[in-house]
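Data file: work26.txt. Format and content: compact mmCIF, C-alpha atoms.
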# COMPACT_ATOMS: atom_id res chain seq x y z
CA MET A 60 2.04 81.88 42.84
CA GLY A 61 0.47 78.72 41.37
CA LYS A 62 -1.62 76.64 43.77
CA HIS A 63 0.69 73.62 43.40
CA LEU A 64 3.68 75.70 44.46
CA ALA A 65 1.68 77.13 47.37
CA ARG A 66 0.73 73.63 48.47
CA ASP A 67 4.32 72.38 48.23
CA LEU A 68 5.64 75.37 50.17
CA ASP A 69 3.04 74.76 52.89
CA ASP A 70 4.04 71.12 53.09
CA LEU A 71 7.71 72.13 53.38
CA GLN A 72 6.84 74.54 56.16
CA ARG A 73 4.93 71.84 58.04
CA ARG A 74 7.97 69.58 57.96
CA VAL A 75 10.22 72.36 59.22
CA LEU A 76 7.83 72.93 62.13
CA ALA A 77 7.72 69.21 62.93
CA MET A 78 11.54 69.17 62.98
CA ALA A 79 11.58 72.25 65.24
CA GLY A 80 9.24 70.43 67.64
CA LYS A 81 11.72 67.55 67.89
CA VAL A 82 14.58 69.99 68.50
CA GLU A 83 12.66 71.74 71.27
CA GLU A 84 11.94 68.39 72.96
CA ALA A 85 15.62 67.44 72.72
CA ILE A 86 16.70 70.70 74.37
CA TYR A 87 14.35 70.23 77.34
CA ALA A 88 15.25 66.57 77.74
CA ALA A 89 19.00 67.26 77.59
CA ILE A 90 18.78 69.91 80.32
CA GLN A 91 16.56 67.65 82.43
CA ALA A 92 19.13 64.86 82.06
CA LEU A 93 21.82 67.29 83.19
CA ARG A 94 19.89 68.56 86.22
CA GLU A 95 18.78 65.13 87.38
CA ARG A 96 22.01 63.38 86.36
CA ASP A 97 19.84 60.98 84.40
CA ALA A 98 22.22 59.10 82.06
CA ALA A 99 19.42 56.97 80.56
CA LEU A 100 17.51 60.09 79.47
CA ALA A 101 20.77 61.55 78.12
CA ARG A 102 21.29 58.45 76.00
CA ARG A 103 17.76 58.76 74.62
CA VAL A 104 18.49 62.34 73.54
CA ILE A 105 21.70 61.18 71.84
CA ALA A 106 19.91 58.34 70.03
CA GLY A 107 17.02 60.62 69.04
CA ASP A 108 19.32 62.89 67.01
CA GLU A 109 18.95 60.44 64.11
CA VAL A 110 15.35 61.53 63.68
CA ILE A 111 16.40 65.20 63.49
CA ASP A 112 19.13 64.35 60.98
CA ALA A 113 16.61 62.46 58.85
CA PHE A 114 14.31 65.49 58.88
CA GLU A 115 17.18 67.71 57.74
CA ASN A 116 17.93 65.46 54.80
CA GLU A 117 14.29 65.16 53.75
CA ILE A 118 13.75 68.92 53.93
CA TYR A 119 16.92 69.56 51.93
CA GLU A 120 15.78 67.19 49.17
CA GLU A 121 12.26 68.61 49.25
CA CYS A 122 13.64 72.16 48.82
CA LEU A 123 15.55 71.02 45.73
CA LYS A 124 12.50 69.22 44.37
CA VAL A 125 10.26 72.27 44.78
CA GLN A 126 12.88 74.41 43.05
CA ALA A 127 13.35 72.01 40.15
CA LEU A 128 9.62 71.48 39.71
CA HIS A 129 8.32 75.04 40.02
CA GLN A 130 11.36 77.20 39.21
CA PRO A 131 10.13 79.77 41.74
CA VAL A 132 11.27 83.39 41.47
CA ALA A 133 11.37 86.50 43.66
CA VAL A 134 9.88 86.05 47.13
CA ASP A 135 9.23 82.30 46.72
CA LEU A 136 12.85 81.69 45.72
CA ARG A 137 14.02 83.71 48.73
CA ARG A 138 11.72 81.77 51.00
CA ILE A 139 13.22 78.48 49.86
CA ALA A 140 16.76 79.86 50.26
CA THR A 141 15.83 80.81 53.83
CA THR A 142 14.42 77.32 54.40
CA PHE A 143 17.83 75.87 53.49
CA MET A 144 19.43 77.97 56.20
CA VAL A 145 16.75 77.41 58.84
CA ASN A 146 17.03 73.67 58.20
CA THR A 147 20.79 73.80 58.85
CA ASP A 148 20.33 75.87 62.01
CA LEU A 149 17.77 73.41 63.37
CA GLU A 150 20.06 70.46 62.71
CA ARG A 151 22.92 72.22 64.54
CA MET A 152 20.61 72.94 67.48
CA GLY A 153 19.91 69.21 67.60
CA ASP A 154 23.66 68.54 67.68
CA LEU A 155 24.06 70.99 70.56
CA ALA A 156 21.29 69.22 72.51
CA VAL A 157 23.34 66.04 72.00
CA ASP A 158 26.44 67.88 73.26
CA ILE A 159 24.50 68.83 76.42
CA ALA A 160 23.29 65.24 76.82
CA GLU A 161 26.90 64.05 76.59
CA ARG A 162 27.86 66.44 79.40
CA ALA A 163 24.94 65.00 81.42
CA GLU A 164 26.27 61.49 80.83
CA ALA A 165 29.75 62.56 81.90
CA LEU A 166 28.44 64.23 85.07
CA ASP A 167 26.60 61.07 86.01
CA SER A 168 29.92 59.27 86.46
CA MET A 169 31.57 61.98 88.58
CA ALA A 170 31.75 61.69 92.34
CA ILE A 171 31.66 65.38 93.25
CA VAL A 172 29.38 67.71 91.36
CA PRO A 173 28.67 71.36 92.18
CA ALA A 174 25.08 72.52 92.63
CA ILE A 175 23.34 72.90 89.28
CA PRO A 176 22.52 76.62 89.06
CA ASP A 177 18.77 77.35 89.25
CA LYS A 178 19.26 79.94 86.53
CA LEU A 179 19.80 77.12 84.06
CA VAL A 180 16.06 76.34 84.12
CA ARG A 181 15.13 79.93 83.34
CA MET A 182 17.81 80.08 80.63
CA THR A 183 16.43 76.86 79.10
CA ASP A 184 12.86 78.22 79.05
CA LEU A 185 14.07 81.40 77.39
CA THR A 186 16.12 79.53 74.80
CA ALA A 187 13.39 77.03 73.90
CA GLY A 188 10.96 79.97 73.67
CA MET A 189 13.32 81.70 71.24
CA VAL A 190 13.46 78.57 69.06
CA ARG A 191 9.66 78.37 68.96
CA GLN A 192 9.13 82.08 68.31
CA ALA A 193 11.82 82.23 65.63
CA LEU A 194 10.04 79.43 63.80
CA ASP A 195 6.66 81.14 64.27
CA ALA A 196 8.17 84.31 62.83
CA PHE A 197 9.40 82.31 59.84
CA THR A 198 6.03 80.60 59.30
CA ASN A 199 4.06 83.84 59.47
CA LEU A 200 6.78 86.06 57.94
CA ASP A 201 6.45 88.15 61.10
CA ALA A 202 9.45 90.52 61.20
CA PRO A 203 8.44 92.31 64.44
CA LEU A 204 8.34 88.94 66.26
CA ALA A 205 11.72 88.05 64.74
CA ARG A 206 13.15 91.31 66.09
CA ARG A 207 11.85 90.49 69.57
CA VAL A 208 13.60 87.10 69.39
CA ILE A 209 16.86 88.84 68.51
CA ARG A 210 16.50 91.11 71.55
CA LEU A 211 15.83 88.12 73.83
CA ASP A 212 19.29 86.79 73.06
CA ASP A 213 20.81 89.48 75.30
CA GLU A 214 18.82 88.08 78.20
CA VAL A 215 20.11 84.56 77.50
CA ASP A 216 23.66 85.96 77.39
CA ARG A 217 23.10 87.60 80.78
CA TYR A 218 21.98 84.32 82.36
CA HIS A 219 24.91 82.57 80.72
CA SER A 220 27.34 85.10 82.15
CA GLU A 221 25.85 84.83 85.67
CA ILE A 222 25.98 81.03 85.62
CA ILE A 223 29.64 81.15 84.56
CA ASP A 224 30.38 83.53 87.45
CA GLU A 225 28.90 81.00 89.88
CA LEU A 226 30.90 78.16 88.35
CA VAL A 227 34.17 80.13 88.44
CA GLU A 228 33.67 80.76 92.17
CA GLU A 229 33.03 77.04 92.75
CA MET A 230 36.19 76.10 90.84
CA LYS A 231 38.32 78.60 92.72
CA SER A 232 37.13 77.47 96.13
CA SER A 233 37.03 73.70 95.48
CA PRO A 234 39.61 72.30 93.06
CA ASP A 235 37.82 68.93 93.43
CA VAL A 236 34.87 70.16 91.38
CA VAL A 237 36.91 71.58 88.49
CA GLU A 238 36.05 68.79 86.06
CA ALA A 239 32.37 68.65 86.90
CA ALA A 240 32.12 72.44 86.81
CA LEU A 241 33.75 72.42 83.35
CA SER A 242 31.05 70.03 82.16
CA LEU A 243 28.42 72.47 83.41
CA PHE A 244 30.37 75.33 81.85
CA SER A 245 30.31 73.56 78.48
CA ALA A 246 26.64 72.60 78.76
CA THR A 247 25.70 76.21 79.50
CA ARG A 248 27.76 77.35 76.56
CA HIS A 249 26.00 74.82 74.29
CA LEU A 250 22.64 76.16 75.44
CA GLU A 251 23.77 79.70 74.72
CA ARG A 252 24.76 78.57 71.22
CA ILE A 253 21.29 77.14 70.66
CA ALA A 254 19.94 80.62 71.40
CA ASP A 255 22.45 82.00 68.86
CA HIS A 256 21.07 79.64 66.22
CA ALA A 257 17.52 80.76 67.04
CA THR A 258 18.79 84.31 66.62
CA ASN A 259 20.26 83.37 63.23
CA VAL A 260 16.83 82.12 62.15
CA ALA A 261 15.22 85.35 63.35
CA GLU A 262 17.83 87.41 61.47
CA ASP A 263 17.13 85.43 58.31
CA VAL A 264 13.41 86.18 58.73
CA VAL A 265 14.07 89.92 59.11
CA TYR A 266 16.20 89.81 55.95
CA LEU A 267 13.55 87.83 54.09
CA VAL A 268 10.71 90.15 55.06
CA ASP A 269 12.33 93.57 55.39
CA GLY A 270 15.50 93.10 53.33
CA GLU A 271 17.56 94.41 56.23
CA VAL A 272 20.82 92.72 57.16
CA ILE A 273 21.17 92.37 60.91
CA ARG A 274 24.50 91.00 62.03
CA HIS A 275 24.21 89.56 65.43
CA ARG A 276 27.49 89.29 67.25
CA PRO A 277 27.04 87.14 70.33
CA GLU A 278 28.18 88.93 73.45
CA SER A 279 30.87 86.37 74.00
CA SER A 280 33.29 88.80 75.64
CA ARG A 281 31.48 87.90 78.85
CA ASP A 282 31.73 84.18 78.23
CA ARG A 283 35.11 83.62 79.82
CA MET B 159 25.24 73.85 30.88
CA GLY B 160 25.15 77.17 28.99
CA LYS B 161 28.38 79.14 28.90
CA HIS B 162 26.81 82.09 30.75
CA LEU B 163 25.77 79.82 33.62
CA ALA B 164 29.26 78.26 33.66
CA ARG B 165 30.84 81.71 33.82
CA ASP B 166 28.51 82.85 36.63
CA LEU B 167 29.17 79.68 38.63
CA ASP B 168 32.92 80.18 38.24
CA ASP B 169 32.60 83.75 39.41
CA LEU B 170 30.59 82.61 42.44
CA GLN B 171 33.24 80.02 43.23
CA ARG B 172 35.99 82.67 43.04
CA ARG B 173 34.16 84.82 45.58
CA VAL B 174 33.72 81.86 47.93
CA LEU B 175 37.46 81.16 47.74
CA ALA B 176 38.30 84.82 48.39
CA MET B 177 36.04 84.71 51.45
CA ALA B 178 37.71 81.49 52.63
CA GLY B 179 41.11 83.21 52.33
CA LYS B 180 39.90 85.97 54.67
CA VAL B 181 38.58 83.40 57.13
CA GLU B 182 41.88 81.52 57.16
CA GLU B 183 43.78 84.77 57.83
CA ALA B 184 41.40 85.60 60.67
CA ILE B 185 41.94 82.19 62.30
CA TYR B 186 45.75 82.52 62.24
CA ALA B 187 45.66 86.12 63.46
CA ALA B 188 43.25 85.31 66.30
CA ILE B 189 45.47 82.47 67.58
CA GLN B 190 48.57 84.65 67.23
CA ALA B 191 46.84 87.37 69.26
CA LEU B 192 46.03 84.77 71.90
CA ARG B 193 49.54 83.36 72.10
CA GLU B 194 51.27 86.73 72.15
CA ARG B 195 48.59 88.42 74.25
CA ASP B 196 48.39 91.03 71.51
CA ALA B 197 45.20 93.01 72.14
CA ALA B 198 45.77 95.32 69.15
CA LEU B 199 45.92 92.36 66.77
CA ALA B 200 42.83 90.89 68.46
CA ARG B 201 40.94 94.12 67.81
CA ARG B 202 41.96 94.04 64.14
CA VAL B 203 40.52 90.51 63.82
CA ILE B 204 37.27 91.68 65.44
CA ALA B 205 37.00 94.70 63.14
CA GLY B 206 37.88 92.60 60.07
CA ASP B 207 34.80 90.42 60.53
CA GLU B 208 32.80 93.09 58.67
CA VAL B 209 34.60 92.14 55.47
CA ILE B 210 33.67 88.46 55.93
CA ASP B 211 30.05 89.39 56.66
CA ALA B 212 29.93 91.53 53.50
CA PHE B 213 31.24 88.58 51.47
CA GLU B 214 28.52 86.36 52.90
CA ASN B 215 25.80 88.77 51.91
CA GLU B 216 27.17 89.28 48.40
CA ILE B 217 27.50 85.54 47.81
CA TYR B 218 23.98 84.94 49.10
CA GLU B 219 22.54 87.54 46.72
CA GLU B 220 24.68 86.25 43.85
CA CYS B 221 23.38 82.69 44.42
CA LEU B 222 19.81 83.97 44.18
CA LYS B 223 20.63 85.97 41.06
CA VAL B 224 22.20 82.99 39.30
CA GLN B 225 19.16 80.88 40.20
CA ALA B 226 16.63 83.45 39.00
CA LEU B 227 18.56 84.15 35.79
CA HIS B 228 19.46 80.63 34.70
CA GLN B 229 16.91 78.41 36.48
CA PRO B 230 19.58 75.71 36.83
CA VAL B 231 18.55 72.08 37.33
CA ALA B 232 20.12 68.83 38.51
CA VAL B 233 23.80 69.08 39.43
CA ASP B 234 23.99 72.87 38.94
CA LEU B 235 21.05 73.43 41.24
CA ARG B 236 22.66 71.15 43.84
CA ARG B 237 25.92 73.01 43.51
CA ILE B 238 24.22 76.31 44.27
CA ALA B 239 22.36 74.79 47.23
CA THR B 240 25.74 73.62 48.56
CA THR B 241 27.17 77.11 48.02
CA PHE B 242 24.44 78.51 50.31
CA MET B 243 25.55 76.16 53.05
CA VAL B 244 29.30 76.62 52.54
CA ASN B 245 28.74 80.37 52.65
CA THR B 246 27.00 80.09 56.01
CA ASP B 247 29.72 77.80 57.40
CA LEU B 248 32.44 80.26 56.36
CA GLU B 249 30.63 83.15 57.99
CA ARG B 250 30.31 81.17 61.25
CA MET B 251 34.02 80.32 61.12
CA GLY B 252 34.68 84.06 60.90
CA ASP B 253 32.50 84.59 63.98
CA LEU B 254 34.46 81.92 65.85
CA ALA B 255 37.76 83.64 64.94
CA VAL B 256 36.24 86.77 66.49
CA ASP B 257 35.30 84.74 69.58
CA ILE B 258 38.95 83.62 69.87
CA ALA B 259 40.14 87.22 69.40
CA GLU B 260 37.82 88.30 72.22
CA ARG B 261 39.40 85.69 74.50
CA ALA B 262 42.82 87.08 73.49
CA GLU B 263 41.68 90.57 74.44
CA ALA B 264 40.39 89.31 77.79
CA LEU B 265 43.64 87.45 78.53
CA ASP B 266 45.63 90.60 77.85
CA SER B 267 44.04 92.25 80.89
CA MET B 268 44.64 89.34 83.28
CA ALA B 269 47.53 89.36 85.70
CA ILE B 270 48.20 85.62 85.93
CA VAL B 271 47.97 83.52 82.81
CA PRO B 272 48.90 79.84 82.46
CA ALA B 273 51.40 78.77 79.80
CA ILE B 274 49.76 78.68 76.37
CA PRO B 275 49.93 75.03 75.32
CA ASP B 276 52.34 74.43 72.40
CA LYS B 277 49.79 72.03 70.97
CA LEU B 278 47.59 74.99 70.13
CA VAL B 279 49.92 75.89 67.24
CA ARG B 280 49.72 72.42 65.77
CA MET B 281 45.96 72.36 66.27
CA THR B 282 45.67 75.72 64.49
CA ASP B 283 47.73 74.51 61.51
CA LEU B 284 45.57 71.41 61.24
CA THR B 285 42.34 73.39 61.47
CA ALA B 286 43.34 76.05 58.93
CA GLY B 287 44.52 73.22 56.64
CA MET B 288 41.10 71.59 56.96
CA VAL B 289 39.39 74.84 55.97
CA ARG B 290 41.61 75.19 52.91
CA GLN B 291 41.28 71.56 51.81
CA ALA B 292 37.51 71.50 52.35
CA LEU B 293 37.23 74.50 50.02
CA ASP B 294 39.60 72.88 47.49
CA ALA B 295 37.42 69.77 47.61
CA PHE B 296 34.35 71.92 46.94
CA THR B 297 36.02 73.81 44.06
CA ASN B 298 37.22 70.62 42.36
CA LEU B 299 34.29 68.43 43.44
CA ASP B 300 36.93 66.12 44.93
CA ALA B 301 35.12 63.65 47.20
CA PRO B 302 38.25 61.67 48.23
CA LEU B 303 39.88 64.90 49.47
CA ALA B 304 36.66 65.78 51.31
CA ARG B 305 36.75 62.37 53.03
CA ARG B 306 40.35 63.00 54.13
CA VAL B 307 39.26 66.32 55.66
CA ILE B 308 36.53 64.54 57.61
CA ARG B 309 39.09 62.07 58.98
CA LEU B 310 41.43 64.92 60.04
CA ASP B 311 38.78 66.15 62.42
CA ASP B 312 39.54 63.27 64.77
CA GLU B 313 43.10 64.53 65.04
CA VAL B 314 41.90 68.03 65.90
CA ASP B 315 39.62 66.52 68.54
CA ARG B 316 42.59 64.67 70.02
CA TYR B 317 44.64 67.87 70.32
CA HIS B 318 41.63 69.61 71.80
CA SER B 319 41.24 66.89 74.40
CA GLU B 320 44.93 66.98 75.34
CA ILE B 321 44.96 70.76 75.69
CA ILE B 322 41.89 70.58 77.94
CA ASP B 323 43.67 67.98 80.12
CA GLU B 324 46.59 70.38 80.56
CA LEU B 325 44.27 73.25 81.46
CA VAL B 326 42.31 71.16 83.97
CA GLU B 327 45.56 70.28 85.76
CA GLU B 328 46.54 73.97 85.86
CA MET B 329 43.16 74.95 87.29
CA LYS B 330 43.27 72.24 89.94
CA SER B 331 46.75 73.15 91.12
CA SER B 332 46.42 76.98 90.94
CA PRO B 333 42.99 78.45 91.62
CA ASP B 334 44.49 81.83 90.67
CA VAL B 335 44.58 80.89 87.01
CA VAL B 336 41.00 79.59 86.80
CA GLU B 337 39.65 82.58 84.87
CA ALA B 338 42.56 82.79 82.43
CA ALA B 339 42.50 79.02 81.92
CA LEU B 340 38.77 79.24 81.15
CA SER B 341 39.54 81.81 78.44
CA LEU B 342 42.04 79.37 76.92
CA PHE B 343 39.52 76.54 77.34
CA SER B 344 36.93 78.56 75.40
CA ALA B 345 39.39 79.63 72.71
CA THR B 346 40.43 76.02 72.15
CA ARG B 347 36.80 75.01 71.95
CA HIS B 348 36.14 77.77 69.36
CA LEU B 349 39.03 76.47 67.28
CA GLU B 350 37.65 72.96 67.49
CA ARG B 351 34.29 74.29 66.27
CA ILE B 352 35.99 75.88 63.28
CA ALA B 353 37.27 72.41 62.39
CA ASP B 354 33.69 71.13 62.78
CA HIS B 355 32.49 73.72 60.25
CA ALA B 356 35.26 72.67 57.83
CA THR B 357 34.02 69.11 58.35
CA ASN B 358 30.47 70.24 57.55
CA VAL B 359 31.72 71.70 54.27
CA ALA B 360 33.53 68.45 53.46
CA GLU B 361 30.38 66.43 54.27
CA ASP B 362 28.36 68.65 51.95
CA VAL B 363 30.92 68.00 49.19
CA VAL B 364 30.68 64.22 49.68
CA TYR B 365 26.89 64.49 49.50
CA LEU B 366 27.07 66.69 46.39
CA VAL B 367 29.50 64.41 44.55
CA ASP B 368 28.65 60.92 45.80
CA GLY B 369 25.12 61.43 47.12
CA GLU B 370 26.12 59.83 50.40
CA VAL B 371 24.95 61.35 53.67
CA ILE B 372 27.73 61.43 56.25
CA ARG B 373 26.64 62.60 59.64
CA HIS B 374 29.59 63.81 61.57
CA ARG B 375 29.07 63.80 65.29
CA PRO B 376 31.90 65.74 66.92
CA GLU B 377 33.65 63.67 69.57
CA SER B 378 32.57 66.08 72.22
CA SER B 379 32.33 63.48 74.96
CA ARG B 380 36.02 64.18 75.48
CA ASP B 381 35.51 67.94 75.61
CA ARG B 382 34.70 68.23 79.26
Would you write out, as structure tokens, the structure that this file holds?
Amino acid sequence: MGKHLARDLDDLQRRVLAMAGKVEEAIYAAIQALRERDAALARRVIAGDEVIDAFENEIYEECLKVQALHQPVAVDLRRIATTFMVNTDLERMGDLAVDIAERAEALDSMAIVPAIPDKLVRMTDLTAGMVRQALDAFTNLDAPLARRVIRLDDEVDRYHSEIIDELVEEMKSSPDVVEAALSLFSATRHLERIADHATNVAEDVVYLVDGEVIRHRPESSRDR
Amino acid sequence: MGKHLARDLDDLQRRVLAMAGKVEEAIYAAIQALRERDAALARRVIAGDEVIDAFENEIYEECLKVQALHQPVAVDLRRIATTFMVNTDLERMGDLAVDIAERAEALDSMAIVPAIPDKLVRMTDLTAGMVRQALDAFTNLDAPLARRVIRLDDEVDRYHSEIIDELVEEMKSSPDVVEAALSLFSATRHLERIADHATNVAEDVVYLVDGEVIRHRPESSRDR
């Protein structure tokens, strides 16, 4: 690989990591806004999505530029193809953080809100950790780490399922909280989808490094 | 553009359309399984996802092959980059059809199920139409059609919102149906996400043809 191509690929990777940092921040802030019913923080997350969208567009154009300029082949071409997909996954994670923030905004205006399940904090830590590790695996072409990320998704699904169980009980016993509980239901589902996107990234890394197709099917039969 | 590149791009496009046909079938079958509580049909949709996944992998490899072989530039390179993204969107739509089929399977085992909203049929027709038209827009590089697809998404969101309203009322008045109504709530949400993916495809077509970035933010503040 020529040194100019190597430099351009490194630069591309740095931008992807900067974008991932913004996505991780948005996830934490959205969940904090939900837990503390902080509509102002929710609105900041929603407004901040512009920055993530701008990153996506820049990275897309940069990928095309590197391809046109260097006509990379073999592993370098595959790496850029993976960057296209990781870029899209990160942008969708940003959208899902906005979806969570919108649920937080909605909750803020509701009179009766069920207790926010404590498990949501643990599920958020796990999910944000998956995002970070999936990106680390991509940066270092570390397939074993990517495989660990894929396995973590089962744990996120378990938390998701347990939180839904709690919310179903709340809805059954107090019809007054149905709407608020649905907002929490949706927010939890959005968080679980962020973990799915992190899993997609990890699967792409395994394919890039080992050439093995792993088809993750989210365990949504427990989603209700 | 050389005639070999033109032929390979046409072949790629044919595969993408064949994949889209499978996705459209899966969407209709999943909703039919839900409405008729047909667990056998639901299982066929779930099993059929393998075919869609195989298409995705073939198209991905074919994109790389065309790039390595022809080193396309300018509009051809952009077209292949868009194909990568459309391919991913189609595969995710297939996953969402599976998610709906899993809700259908779950409903089949429940004793008390609320009426399936009639609007779900109309919403399904609209969504499947969006998928088809987004792919037509991509095949023919038809930006005006792509813009119409993007506008249709608001109509899908409206149906989604109305169906959710009906389900919330059911849950409030009969705690017995909470779990079944949540399955319908999720299935409707999955369908709405399929329309979002069709919108993503249409946005990519507008960007490819007109160079204009359209950032669709789903109207999820009405999702509950």
- Query: Separation of atom CA of A:Asp213 and atom CA of A:Ala193, in Å?
  - Reply: 15.1 Å
Would you tabulate, counting only C-alpha atoms, all residues of chain A that have an atom at most 9 Å from an atom of chain B, showing the closest pair of atoms and their distance in Å to one decimal, sorted by chain then ascending number, as a Markdown table?
| residue | atom | partner | partner_atom | distance |
| --- | --- | --- | --- | --- |
| A:Asp112 | CA | B:Arg373 | CA | 7.8 |
| A:Asn116 | CA | B:Val371 | CA | 8.2 |
| A:Tyr119 | CA | B:Ala239 | CA | 8.9 |
| A:Leu123 | CA | B:Arg236 | CA | 7.4 |
| A:Gln126 | CA | B:Val231 | CA | 8.4 |
| A:Ala127 | CA | B:Val231 | CA | 5.9 |
| A:Gln130 | CA | B:Gln229 | CA | 6.3 |
| A:Pro131 | CA | B:Ala226 | CA | 8.0 |
| A:Val132 | CA | B:Ala226 | CA | 5.9 |
| A:Ala133 | CA | B:Ala226 | CA | 7.7 |
| A:Leu136 | CA | B:Leu222 | CA | 7.5 |
| A:Arg137 | CA | B:Leu222 | CA | 7.4 |
| A:Ala140 | CA | B:Phe242 | CA | 7.8 |
| A:Phe143 | CA | B:Met243 | CA | 7.7 |
| A:Met144 | CA | B:Met243 | CA | 7.1 |
| A:Thr147 | CA | B:Met243 | CA | 7.9 |
| A:Asp154 | CA | B:Arg375 | CA | 7.6 |
| A:Asp158 | CA | B:Ser378 | CA | 6.5 |
| A:Glu161 | CA | B:Ser379 | CA | 5.7 |
| A:Arg162 | CA | B:Ser379 | CA | 7.0 |
| A:Glu164 | CA | B:Ser379 | CA | 8.7 |
| A:Ala165 | CA | B:Ser379 | CA | 7.5 |
| A:Val227 | CA | B:Glu337 | CA | 7.0 |
| A:Met230 | CA | B:Val336 | CA | 7.2 |
| A:Lys231 | CA | B:Pro333 | CA | 4.8 |
| A:Ser232 | CA | B:Pro333 | CA | 7.5 |
| A:Ser233 | CA | B:Lys330 | CA | 8.5 |
| A:Pro234 | CA | B:Lys330 | CA | 4.8 |
| A:Asp235 | CA | B:Lys330 | CA | 7.3 |
| A:Val236 | CA | B:Lys330 | CA | 8.8 |
| A:Val237 | CA | B:Lys330 | CA | 6.6 |
| A:Glu238 | CA | B:Arg382 | CA | 7.0 |
| A:Ala239 | CA | B:Arg382 | CA | 8.0 |
| A:Leu241 | CA | B:Arg382 | CA | 5.9 |
| A:Ser242 | CA | B:Arg382 | CA | 5.0 |
| A:Leu243 | CA | B:Arg382 | CA | 8.6 |
| A:Phe244 | CA | B:Arg382 | CA | 8.7 |
| A:Ser245 | CA | B:Arg382 | CA | 6.9 |
| A:Val272 | CA | B:Asn215 | CA | 8.2 |
| A:Arg274 | CA | B:Asp211 | CA | 7.9 |
| A:Arg276 | CA | B:Asp253 | CA | 7.6 |
| A:Pro277 | CA | B:Asp257 | CA | 8.6 |
| A:Ser279 | CA | B:Asp257 | CA | 6.5 |
| A:Ser280 | CA | B:Glu260 | CA | 5.7 |
| A:Asp282 | CA | B:Ser344 | CA | 8.2 |
| A:Arg283 | CA | B:Ser341 | CA | 5.0 |
- Judged by only C-alpha atoms, the minimum distance to A:Ile253 among A:Asp201, A:Asp135, A:Asp69, A:Glu83 is found for A:Glu83
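Across the model, the gap from atom CA of A:Glu221 to atom CA of A:Asp195 is 29.0 Å.
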Where's the centre, and what are the edge lengths in Å to one decimal, of a box along x, y and z enclosing all listed atoms of stretch 119-122 of chain A padded 6 Å per side, as lines of an AutoDock Vina configuration file?
center_x = 14.6
center_y = 69.7
center_z = 50.4
size_x = 16.7
size_y = 17.0
size_z = 15.1
As a PDB file, keeping the file's coordinate frame, could you write out stretch 209-218 of chain B once it has been completed with N, CA, C and O atoms?
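Resulting contents of out_37.pdb:
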ATOM      1  N   VAL B 209      34.278  92.508  56.856  1.00  0.00           N
ATOM      2  CA  VAL B 209      34.600  92.140  55.470  1.00  0.00           C
ATOM      3  C   VAL B 209      34.029  90.756  55.163  1.00  0.00           C
ATOM      4  O   VAL B 209      33.428  90.530  54.104  1.00  0.00           O
ATOM      5  N   ILE B 210      34.188  89.831  56.117  1.00  0.00           N
ATOM      6  CA  ILE B 210      33.670  88.460  55.930  1.00  0.00           C
ATOM      7  C   ILE B 210      32.149  88.488  55.844  1.00  0.00           C
ATOM      8  O   ILE B 210      31.546  87.824  54.995  1.00  0.00           O
ATOM      9  N   ASP B 211      31.519  89.284  56.704  1.00  0.00           N
ATOM     10  CA  ASP B 211      30.050  89.390  56.660  1.00  0.00           C
ATOM     11  C   ASP B 211      29.577  89.965  55.320  1.00  0.00           C
ATOM     12  O   ASP B 211      28.551  89.533  54.783  1.00  0.00           O
ATOM     13  N   ALA B 212      30.314  90.932  54.794  1.00  0.00           N
ATOM     14  CA  ALA B 212      29.930  91.530  53.500  1.00  0.00           C
ATOM     15  C   ALA B 212      30.038  90.486  52.384  1.00  0.00           C
ATOM     16  O   ALA B 212      29.171  90.411  51.507  1.00  0.00           O
ATOM     17  N   PHE B 213      31.103  89.685  52.436  1.00  0.00           N
ATOM     18  CA  PHE B 213      31.240  88.580  51.470  1.00  0.00           C
ATOM     19  C   PHE B 213      30.014  87.670  51.546  1.00  0.00           C
ATOM     20  O   PHE B 213      29.451  87.287  50.527  1.00  0.00           O
ATOM     21  N   GLU B 214      29.641  87.286  52.759  1.00  0.00           N
ATOM     22  CA  GLU B 214      28.520  86.360  52.900  1.00  0.00           C
ATOM     23  C   GLU B 214      27.273  86.909  52.223  1.00  0.00           C
ATOM     24  O   GLU B 214      26.587  86.198  51.483  1.00  0.00           O
ATOM     25  N   ASN B 215      27.008  88.188  52.473  1.00  0.00           N
ATOM     26  CA  ASN B 215      25.800  88.770  51.910  1.00  0.00           C
ATOM     27  C   ASN B 215      25.846  88.840  50.378  1.00  0.00           C
ATOM     28  O   ASN B 215      24.867  88.507  49.707  1.00  0.00           O
ATOM     29  N   GLU B 216      26.994  89.222  49.851  1.00  0.00           N
ATOM     30  CA  GLU B 216      27.170  89.280  48.400  1.00  0.00           C
ATOM     31  C   GLU B 216      26.971  87.905  47.752  1.00  0.00           C
ATOM     32  O   GLU B 216      26.321  87.776  46.719  1.00  0.00           O
ATOM     33  N   ILE B 217      27.585  86.900  48.383  1.00  0.00           N
ATOM     34  CA  ILE B 217      27.500  85.540  47.810  1.00  0.00           C
ATOM     35  C   ILE B 217      26.062  85.037  47.867  1.00  0.00           C
ATOM     36  O   ILE B 217      25.568  84.426  46.915  1.00  0.00           O
ATOM     37  N   TYR B 218      25.384  85.334  48.968  1.00  0.00           N
ATOM     38  CA  TYR B 218      23.980  84.940  49.100  1.00  0.00           C
ATOM     39  C   TYR B 218      23.140  85.553  47.962  1.00  0.00           C
ATOM     40  O   TYR B 218      22.381  84.859  47.276  1.00  0.00           O
TER      41      TYR B 218
END
